[in-house]
>>> print(open('final.pdb').read())   # PDB, C-alpha atoms
ATOM      1  CA  MET A 193     -85.265  94.273  71.466
ATOM      2  CA  SER A 194     -84.327  96.221  74.585
ATOM      3  CA  ALA A 195     -86.232  95.977  77.828
ATOM      4  CA  PRO A 196     -88.735  98.852  78.233
ATOM      5  CA  ASP A 197     -86.790 100.409  81.122
ATOM      6  CA  ARG A 198     -83.511 100.423  79.193
ATOM      7  CA  PRO A 199     -82.441 102.668  76.338
ATOM      8  CA  PRO A 200     -82.384 101.056  72.891
ATOM      9  CA  LEU A 201     -79.301  98.996  72.140
ATOM     10  CA  PRO A 202     -77.875  97.792  68.852
ATOM     11  CA  TYR A 203     -78.559  94.176  67.946
ATOM     12  CA  PRO A 204     -75.660  91.697  68.131
ATOM     13  CA  TRP A 205     -75.206  91.670  64.335
ATOM     14  CA  GLN A 206     -74.762  95.452  64.399
ATOM     15  CA  HIS A 207     -71.770  95.541  66.754
ATOM     16  CA  ALA A 208     -69.157  96.192  64.039
ATOM     17  CA  ALA A 209     -71.100  99.235  62.778
ATOM     18  CA  TRP A 210     -71.763 100.319  66.381
ATOM     19  CA  ASP A 211     -68.087 100.086  67.303
ATOM     20  CA  LEU A 212     -67.177 102.177  64.234
ATOM     21  CA  CYS A 213     -69.671 104.931  65.149
ATOM     22  CA  ASP A 214     -68.722 104.832  68.835
ATOM     23  CA  ARG A 215     -65.002 105.085  68.036
ATOM     24  CA  ASP A 216     -65.555 107.976  65.587
ATOM     25  CA  TRP A 217     -67.827 109.793  68.056
ATOM     26  CA  ARG A 218     -65.348 109.503  70.910
ATOM     27  CA  ALA A 219     -62.521 110.691  68.616
ATOM     28  CA  GLY A 220     -64.592 113.671  67.403
ATOM     29  CA  ARG A 221     -64.804 112.265  63.855
ATOM     30  CA  LEU A 222     -68.461 111.294  63.651
ATOM     31  CA  PRO A 223     -69.826 112.472  60.301
ATOM     32  CA  HIS A 224     -72.724 114.901  60.195
ATOM     33  CA  ALA A 225     -74.949 112.449  58.302
ATOM     34  CA  LEU A 226     -75.352 108.684  58.173
ATOM     35  CA  LEU A 227     -77.388 106.688  55.677
ATOM     36  CA  ILE A 228     -78.154 103.539  57.634
ATOM     37  CA  HIS A 229     -79.322 100.975  55.111
ATOM     38  CA  GLY A 230     -79.898  97.278  54.664
ATOM     39  CA  CYS A 231     -82.679  94.747  54.295
ATOM     40  CA  ALA A 232     -86.088  95.498  55.761
ATOM     41  CA  ASP A 233     -86.760  94.555  59.390
ATOM     42  CA  ILE A 234     -83.152  94.043  60.536
ATOM     43  CA  GLY A 235     -83.122  96.784  63.171
ATOM     44  CA  LYS A 236     -81.847  99.855  61.320
ATOM     45  CA  ARG A 237     -84.198 102.191  63.177
ATOM     46  CA  GLN A 238     -83.269 100.579  66.509
ATOM     47  CA  PHE A 239     -79.597 101.208  65.666
ATOM     48  CA  ALA A 240     -80.318 104.868  64.855
ATOM     49  CA  GLN A 241     -82.327 105.286  68.059
ATOM     50  CA  ALA A 242     -79.547 103.697  70.124
ATOM     51  CA  LEU A 243     -77.020 106.049  68.537
ATOM     52  CA  ALA A 244     -79.242 109.076  69.179
ATOM     53  CA  HIS A 245     -79.661 108.025  72.811
ATOM     54  CA  GLN A 246     -75.901 107.654  73.244
ATOM     55  CA  LEU A 247     -75.215 111.079  71.702
ATOM     56  CA  LEU A 248     -77.796 112.821  73.869
ATOM     57  CA  CYS A 249     -77.057 110.942  77.120
ATOM     58  CA  ALA A 250     -75.309 112.937  79.862
ATOM     59  CA  GLU A 251     -73.361 109.862  81.031
ATOM     60  CA  PRO A 252     -72.844 107.666  77.943
ATOM     61  CA  ARG A 253     -71.084 104.336  78.148
ATOM     62  CA  PRO A 254     -69.243 102.462  75.393
ATOM     63  CA  GLY A 255     -72.273 100.178  74.945
ATOM     64  CA  GLY A 256     -74.802 102.998  74.745
ATOM     65  CA  ALA A 257     -76.757 105.437  76.876
ATOM     66  CA  CYS A 258     -76.833 105.126  80.666
ATOM     67  CA  GLY A 259     -80.628 104.989  80.845
ATOM     68  CA  HIS A 260     -81.007 106.967  84.072
ATOM     69  CA  CYS A 261     -79.843 110.572  83.526
ATOM     70  CA  LYS A 262     -82.261 113.430  82.799
ATOM     71  CA  GLN A 263     -81.508 113.189  79.064
ATOM     72  CA  CYS A 264     -82.279 109.458  78.994
ATOM     73  CA  LEU A 265     -85.525 109.990  80.878
ATOM     74  CA  LEU A 266     -86.585 112.631  78.363
ATOM     75  CA  LEU A 267     -85.721 110.218  75.537
ATOM     76  CA  LYS A 268     -87.561 107.351  77.210
ATOM     77  CA  HIS A 269     -90.733 109.433  77.198
ATOM     78  CA  ASP A 270     -90.195 110.686  73.609
ATOM     79  CA  ASN A 271     -89.882 114.207  74.982
ATOM     80  CA  HIS A 272     -86.269 115.222  74.315
ATOM     81  CA  PRO A 273     -86.131 118.685  72.721
ATOM     82  CA  ASP A 274     -82.883 117.897  70.865
ATOM     83  CA  LEU A 275     -84.163 114.880  68.923
ATOM     84  CA  VAL A 276     -86.484 115.137  65.950
ATOM     85  CA  VAL A 277     -87.958 112.065  64.289
ATOM     86  CA  VAL A 278     -89.421 112.511  60.822
ATOM     87  CA  ALA A 279     -91.639 109.874  59.270
ATOM     88  CA  PRO A 280     -94.583 109.888  56.885
ATOM     89  CA  ALA A 281     -97.924 110.822  58.437
ATOM     90  CA  GLU A 282     -99.182 107.367  57.431
ATOM     91  CA  PRO A 283     -97.310 104.228  56.380
ATOM     92  CA  GLY A 284     -96.722 104.178  52.648
ATOM     93  CA  LYS A 285     -97.120 107.957  52.298
ATOM     94  CA  MET A 286     -94.413 110.474  51.416
ATOM     95  CA  ILE A 287     -92.486 112.697  53.813
ATOM     96  CA  LEU A 288     -93.705 116.184  53.016
ATOM     97  CA  VAL A 289     -91.442 119.118  52.269
ATOM     98  CA  ASP A 290     -92.801 121.065  55.259
ATOM     99  CA  SER A 291     -91.501 118.350  57.595
ATOM    100  CA  ILE A 292     -88.030 118.642  56.064
ATOM    101  CA  ARG A 293     -88.132 122.450  56.248
ATOM    102  CA  ALA A 294     -88.871 122.092  59.969
ATOM    103  CA  VAL A 295     -85.799 119.811  60.220
ATOM    104  CA  ALA A 296     -83.675 122.447  58.489
ATOM    105  CA  ASN A 297     -84.887 125.052  60.970
ATOM    106  CA  PHE A 298     -84.224 122.707  63.906
ATOM    107  CA  ALA A 299     -80.699 122.013  62.619
ATOM    108  CA  THR A 300     -79.756 125.706  62.751
ATOM    109  CA  GLN A 301     -80.853 126.149  66.374
ATOM    110  CA  THR A 302     -78.667 125.666  69.420
ATOM    111  CA  ALA A 303     -79.241 122.443  71.317
ATOM    112  CA  GLN A 304     -81.630 123.167  74.177
ATOM    113  CA  GLN A 305     -79.852 120.755  76.513
ATOM    114  CA  GLY A 306     -76.394 122.010  75.542
ATOM    115  CA  GLY A 307     -75.116 118.871  73.817
ATOM    116  CA  TRP A 308     -75.775 117.132  70.544
ATOM    117  CA  LYS A 309     -78.884 117.289  68.372
ATOM    118  CA  GLY A 310     -80.217 114.279  66.508
ATOM    119  CA  ILE A 311     -82.427 114.071  63.440
ATOM    120  CA  LEU A 312     -83.855 110.689  62.447
ATOM    121  CA  ILE A 313     -85.573 110.336  59.075
ATOM    122  CA  ASP A 314     -87.238 106.968  58.502
ATOM    123  CA  PRO A 315     -87.729 105.814  55.820
ATOM    124  CA  ALA A 316     -85.470 108.131  53.854
ATOM    125  CA  GLU A 317     -86.823 106.840  50.539
ATOM    126  CA  ALA A 318     -90.212 108.310  51.519
ATOM    127  CA  MET A 319     -88.855 111.796  50.784
ATOM    128  CA  ASN A 320     -90.083 113.002  47.414
ATOM    129  CA  ALA A 321     -87.847 115.153  45.183
ATOM    130  CA  ASN A 322     -88.981 118.384  46.861
ATOM    131  CA  SER A 323     -88.386 117.004  50.365
ATOM    132  CA  ALA A 324     -84.984 115.592  49.445
ATOM    133  CA  ASN A 325     -83.931 118.856  47.803
ATOM    134  CA  ALA A 326     -85.040 120.784  50.900
ATOM    135  CA  LEU A 327     -82.711 118.566  52.971
ATOM    136  CA  LEU A 328     -79.664 119.262  50.786
ATOM    137  CA  LYS A 329     -78.778 122.635  52.349
ATOM    138  CA  THR A 330     -78.770 121.038  55.807
ATOM    139  CA  LEU A 331     -76.544 118.236  54.491
ATOM    140  CA  GLU A 332     -74.203 120.667  52.705
ATOM    141  CA  GLU A 333     -73.837 123.101  55.616
ATOM    142  CA  PRO A 334     -74.233 121.006  58.753
ATOM    143  CA  SER A 335     -74.447 122.558  62.189
ATOM    144  CA  ALA A 336     -71.856 121.553  64.742
ATOM    145  CA  ARG A 337     -72.820 118.616  66.961
ATOM    146  CA  THR A 338     -75.841 117.689  64.850
ATOM    147  CA  LEU A 339     -76.231 114.178  63.476
ATOM    148  CA  LEU A 340     -78.664 113.350  60.706
ATOM    149  CA  MET A 341     -79.566 109.662  60.540
ATOM    150  CA  LEU A 342     -81.385 108.572  57.416
ATOM    151  CA  VAL A 343     -82.750 105.031  57.615
ATOM    152  CA  SER A 344     -83.521 103.153  54.422
ATOM    153  CA  HIS A 345     -84.060  99.646  53.147
ATOM    154  CA  GLN A 346     -84.140 100.993  49.577
ATOM    155  CA  PRO A 347     -81.144 103.368  49.404
ATOM    156  CA  ALA A 348     -81.206 103.441  45.600
ATOM    157  CA  GLN A 349     -84.533 105.292  45.886
ATOM    158  CA  VAL A 350     -82.947 108.056  47.968
ATOM    159  CA  LEU A 351     -81.933 111.039  45.836
ATOM    160  CA  ALA A 352     -78.316 110.541  44.680
ATOM    161  CA  THR A 353     -77.259 113.985  45.891
ATOM    162  CA  VAL A 354     -78.578 113.128  49.366
ATOM    163  CA  ARG A 355     -76.826 109.727  49.381
ATOM    164  CA  SER A 356     -73.538 111.320  48.326
ATOM    165  CA  ARG A 357     -73.551 113.639  51.361
ATOM    166  CA  CYS A 358     -74.000 110.834  53.889
ATOM    167  CA  ARG A 359     -71.625 108.197  55.190
ATOM    168  CA  GLN A 360     -73.065 104.869  54.107
ATOM    169  CA  LEU A 361     -73.532 102.479  57.004
ATOM    170  CA  ARG A 362     -74.749  99.050  56.003
TER     171      ARG A 362
END
>>> encode(input="final.pdb", output="structure tokens")
Amino acid sequence: MSAPDRPPLPYPWQHAAWDLCDRDWRAGRLPHALLIHGCADIGKRQFAQALAHQLLCAEPRPGGACGHCKQCLLLKHDNHPDLVVVAPAEPGKMILVDSIRAVANFATQTAQQGGWKGILIDPAEAMNANSANALLKTLEEPSARTLLMLVSHQPAQVLATVRSRCRQLR
């Protein structure tokens, strides 16, 4: 785990996936949606947070966000206007359709800080059929410079049409 004063970093076993995302981002080929999946408790959310921090950082480095720019400070305090994190209201509950509709609305807006926008949905399998269907339009018609990161340790429980519109990242 990262030190509290540093932005999140990928774990050592995630470096191959990190290098792939970093290379694609720098080449302008980062997909609009990633389904980050694997066993429970291996750091998938940490990976997604590190990626979001790098995308939103004003002075990103190959290893991640700088940790000291205005964007990083906003992220550190969970106050960045261009990052939305969606999770169930309580552990074990479903992600409600209204939360996903708010994501769809956020995705159509211009980034307030002028760069990328990030959307983190964790766990993605907590979306019910209505929530997942509400996300489809956003996945089918993505906004420029918006990255959706769906985190799941049960990807088979994510609606197939949602899975098919995301790059799988194990």
>>> atom_distance(input="final.pdb", atom1="CA of Ser356 in chain A", atom2="CA of Leu227 in chain A")
9.5 Å
>>> resolve_selection(input="final.pdb", expression="the PyMOL selection byres ((chain A and resi 301-313) around 6)", output="ChimeraX atom specification")
/A:244,248,274-278,298-300,314-316,337-342
>>> closest_residue(input="final.pdb", among="A:Ala257, A:Glu333, A:Leu327, A:His269", to="Thr353 in chain A", atoms="only C-alpha atoms")
A:Leu327
>>> residues_around(input="final.pdb", residues="Ala324 in chain A", least_positions_apart="2", cutoff="10 Å", atoms="all atoms listed in the file", output="PyMOL selection string")
chain A and resi 287-289+292+316-322+326-329+350-354
>>> atom_distance(input="final.pdb", atom1="CA of Leu212 in chain A", atom2="CA of Leu243 in chain A")
11.4 Å
>>> closest_residue(input="final.pdb", among="A:Lys285, A:Leu361, A:Cys249, A:Arg215", to="His272 in chain A", atoms="all atoms listed in the file")
A:Cys249
>>> atom_distance(input="final.pdb", atom1="CA of Ser323 in chain A", atom2="CA of Gln349 in chain A")
13.1 Å
>>> resolve_selection(input="final.pdb", expression="the PyMOL selection byres ((chain A and resi 246) around 10)", output="list in words")
Pro199, Pro200, Leu201, Asp214, Trp217, Ala240, Gln241, Ala242, Leu243, Ala244, His245, Leu247, Leu248, Cys249, Ala250, Glu251, Pro252, Arg253, Pro254, Gly255, Gly256, Ala257, Cys258, Gly259, Gln263, Cys264 and Trp308 of chain A
>>> write_last_selection(input="final.pdb", atoms="C-alpha atoms", output="mmCIF file, in the coordinates of the input")
data_model
loop_
_atom_site.group_PDB
_atom_site.id
_atom_site.type_symbol
_atom_site.label_atom_id
_atom_site.label_comp_id
_atom_site.auth_asym_id
_atom_site.auth_seq_id
_atom_site.Cartn_x
_atom_site.Cartn_y
_atom_site.Cartn_z
ATOM 1 C CA PRO A 199 -82.441 102.668 76.338
ATOM 2 C CA PRO A 200 -82.384 101.056 72.891
ATOM 3 C CA LEU A 201 -79.301 98.996 72.140
ATOM 4 C CA ASP A 214 -68.722 104.832 68.835
ATOM 5 C CA TRP A 217 -67.827 109.793 68.056
ATOM 6 C CA ALA A 240 -80.318 104.868 64.855
ATOM 7 C CA GLN A 241 -82.327 105.286 68.059
ATOM 8 C CA ALA A 242 -79.547 103.697 70.124
ATOM 9 C CA LEU A 243 -77.020 106.049 68.537
ATOM 10 C CA ALA A 244 -79.242 109.076 69.179
ATOM 11 C CA HIS A 245 -79.661 108.025 72.811
ATOM 12 C CA LEU A 247 -75.215 111.079 71.702
ATOM 13 C CA LEU A 248 -77.796 112.821 73.869
ATOM 14 C CA CYS A 249 -77.057 110.942 77.120
ATOM 15 C CA ALA A 250 -75.309 112.937 79.862
ATOM 16 C CA GLU A 251 -73.361 109.862 81.031
ATOM 17 C CA PRO A 252 -72.844 107.666 77.943
ATOM 18 C CA ARG A 253 -71.084 104.336 78.148
ATOM 19 C CA PRO A 254 -69.243 102.462 75.393
ATOM 20 C CA GLY A 255 -72.273 100.178 74.945
ATOM 21 C CA GLY A 256 -74.802 102.998 74.745
ATOM 22 C CA ALA A 257 -76.757 105.437 76.876
ATOM 23 C CA CYS A 258 -76.833 105.126 80.666
ATOM 24 C CA GLY A 259 -80.628 104.989 80.845
ATOM 25 C CA GLN A 263 -81.508 113.189 79.064
ATOM 26 C CA CYS A 264 -82.279 109.458 78.994
ATOM 27 C CA TRP A 308 -75.775 117.132 70.544
#
>>> residues_around(input="final.pdb", residues="Lys236 in chain A", least_positions_apart="3", cutoff="9 Å", atoms="only C-alpha atoms", output="ChimeraX atom specification")
/A:202,206,228-233,239-241,343-345,362
>>> write_last_selection(input="final.pdb", atoms="C-alpha atoms", output="PDB file, keeping the file's coordinate frame")
ATOM      1  CA  PRO A 202     -77.875  97.792  68.852  1.00  0.00           C
ATOM      2  CA  GLN A 206     -74.762  95.452  64.399  1.00  0.00           C
ATOM      3  CA  ILE A 228     -78.154 103.539  57.634  1.00  0.00           C
ATOM      4  CA  HIS A 229     -79.322 100.975  55.111  1.00  0.00           C
ATOM      5  CA  GLY A 230     -79.898  97.278  54.664  1.00  0.00           C
ATOM      6  CA  CYS A 231     -82.679  94.747  54.295  1.00  0.00           C
ATOM      7  CA  ALA A 232     -86.088  95.498  55.761  1.00  0.00           C
ATOM      8  CA  ASP A 233     -86.760  94.555  59.390  1.00  0.00           C
ATOM      9  CA  PHE A 239     -79.597 101.208  65.666  1.00  0.00           C
ATOM     10  CA  ALA A 240     -80.318 104.868  64.855  1.00  0.00           C
ATOM     11  CA  GLN A 241     -82.327 105.286  68.059  1.00  0.00           C
ATOM     12  CA  VAL A 343     -82.750 105.031  57.615  1.00  0.00           C
ATOM     13  CA  SER A 344     -83.521 103.153  54.422  1.00  0.00           C
ATOM     14  CA  HIS A 345     -84.060  99.646  53.147  1.00  0.00           C
ATOM     15  CA  ARG A 362     -74.749  99.050  56.003  1.00  0.00           C
TER      16      ARG A 362
END
>>> closest_residue(input="final.pdb", among="A:Ala225, A:Thr330, A:Pro273, A:Ala336", to="Arg355 in chain A", atoms="all atoms listed in the file")
A:Ala225
>>> axis_aligned_box(input="final.pdb", around="range 240-252 of chain A", padding_each_side="3 Å", output="JSON")
{"center_x": -77.6, "center_y": 108.3, "center_z": 72.9, "size_x": 15.5, "size_y": 15.2, "size_z": 22.2}
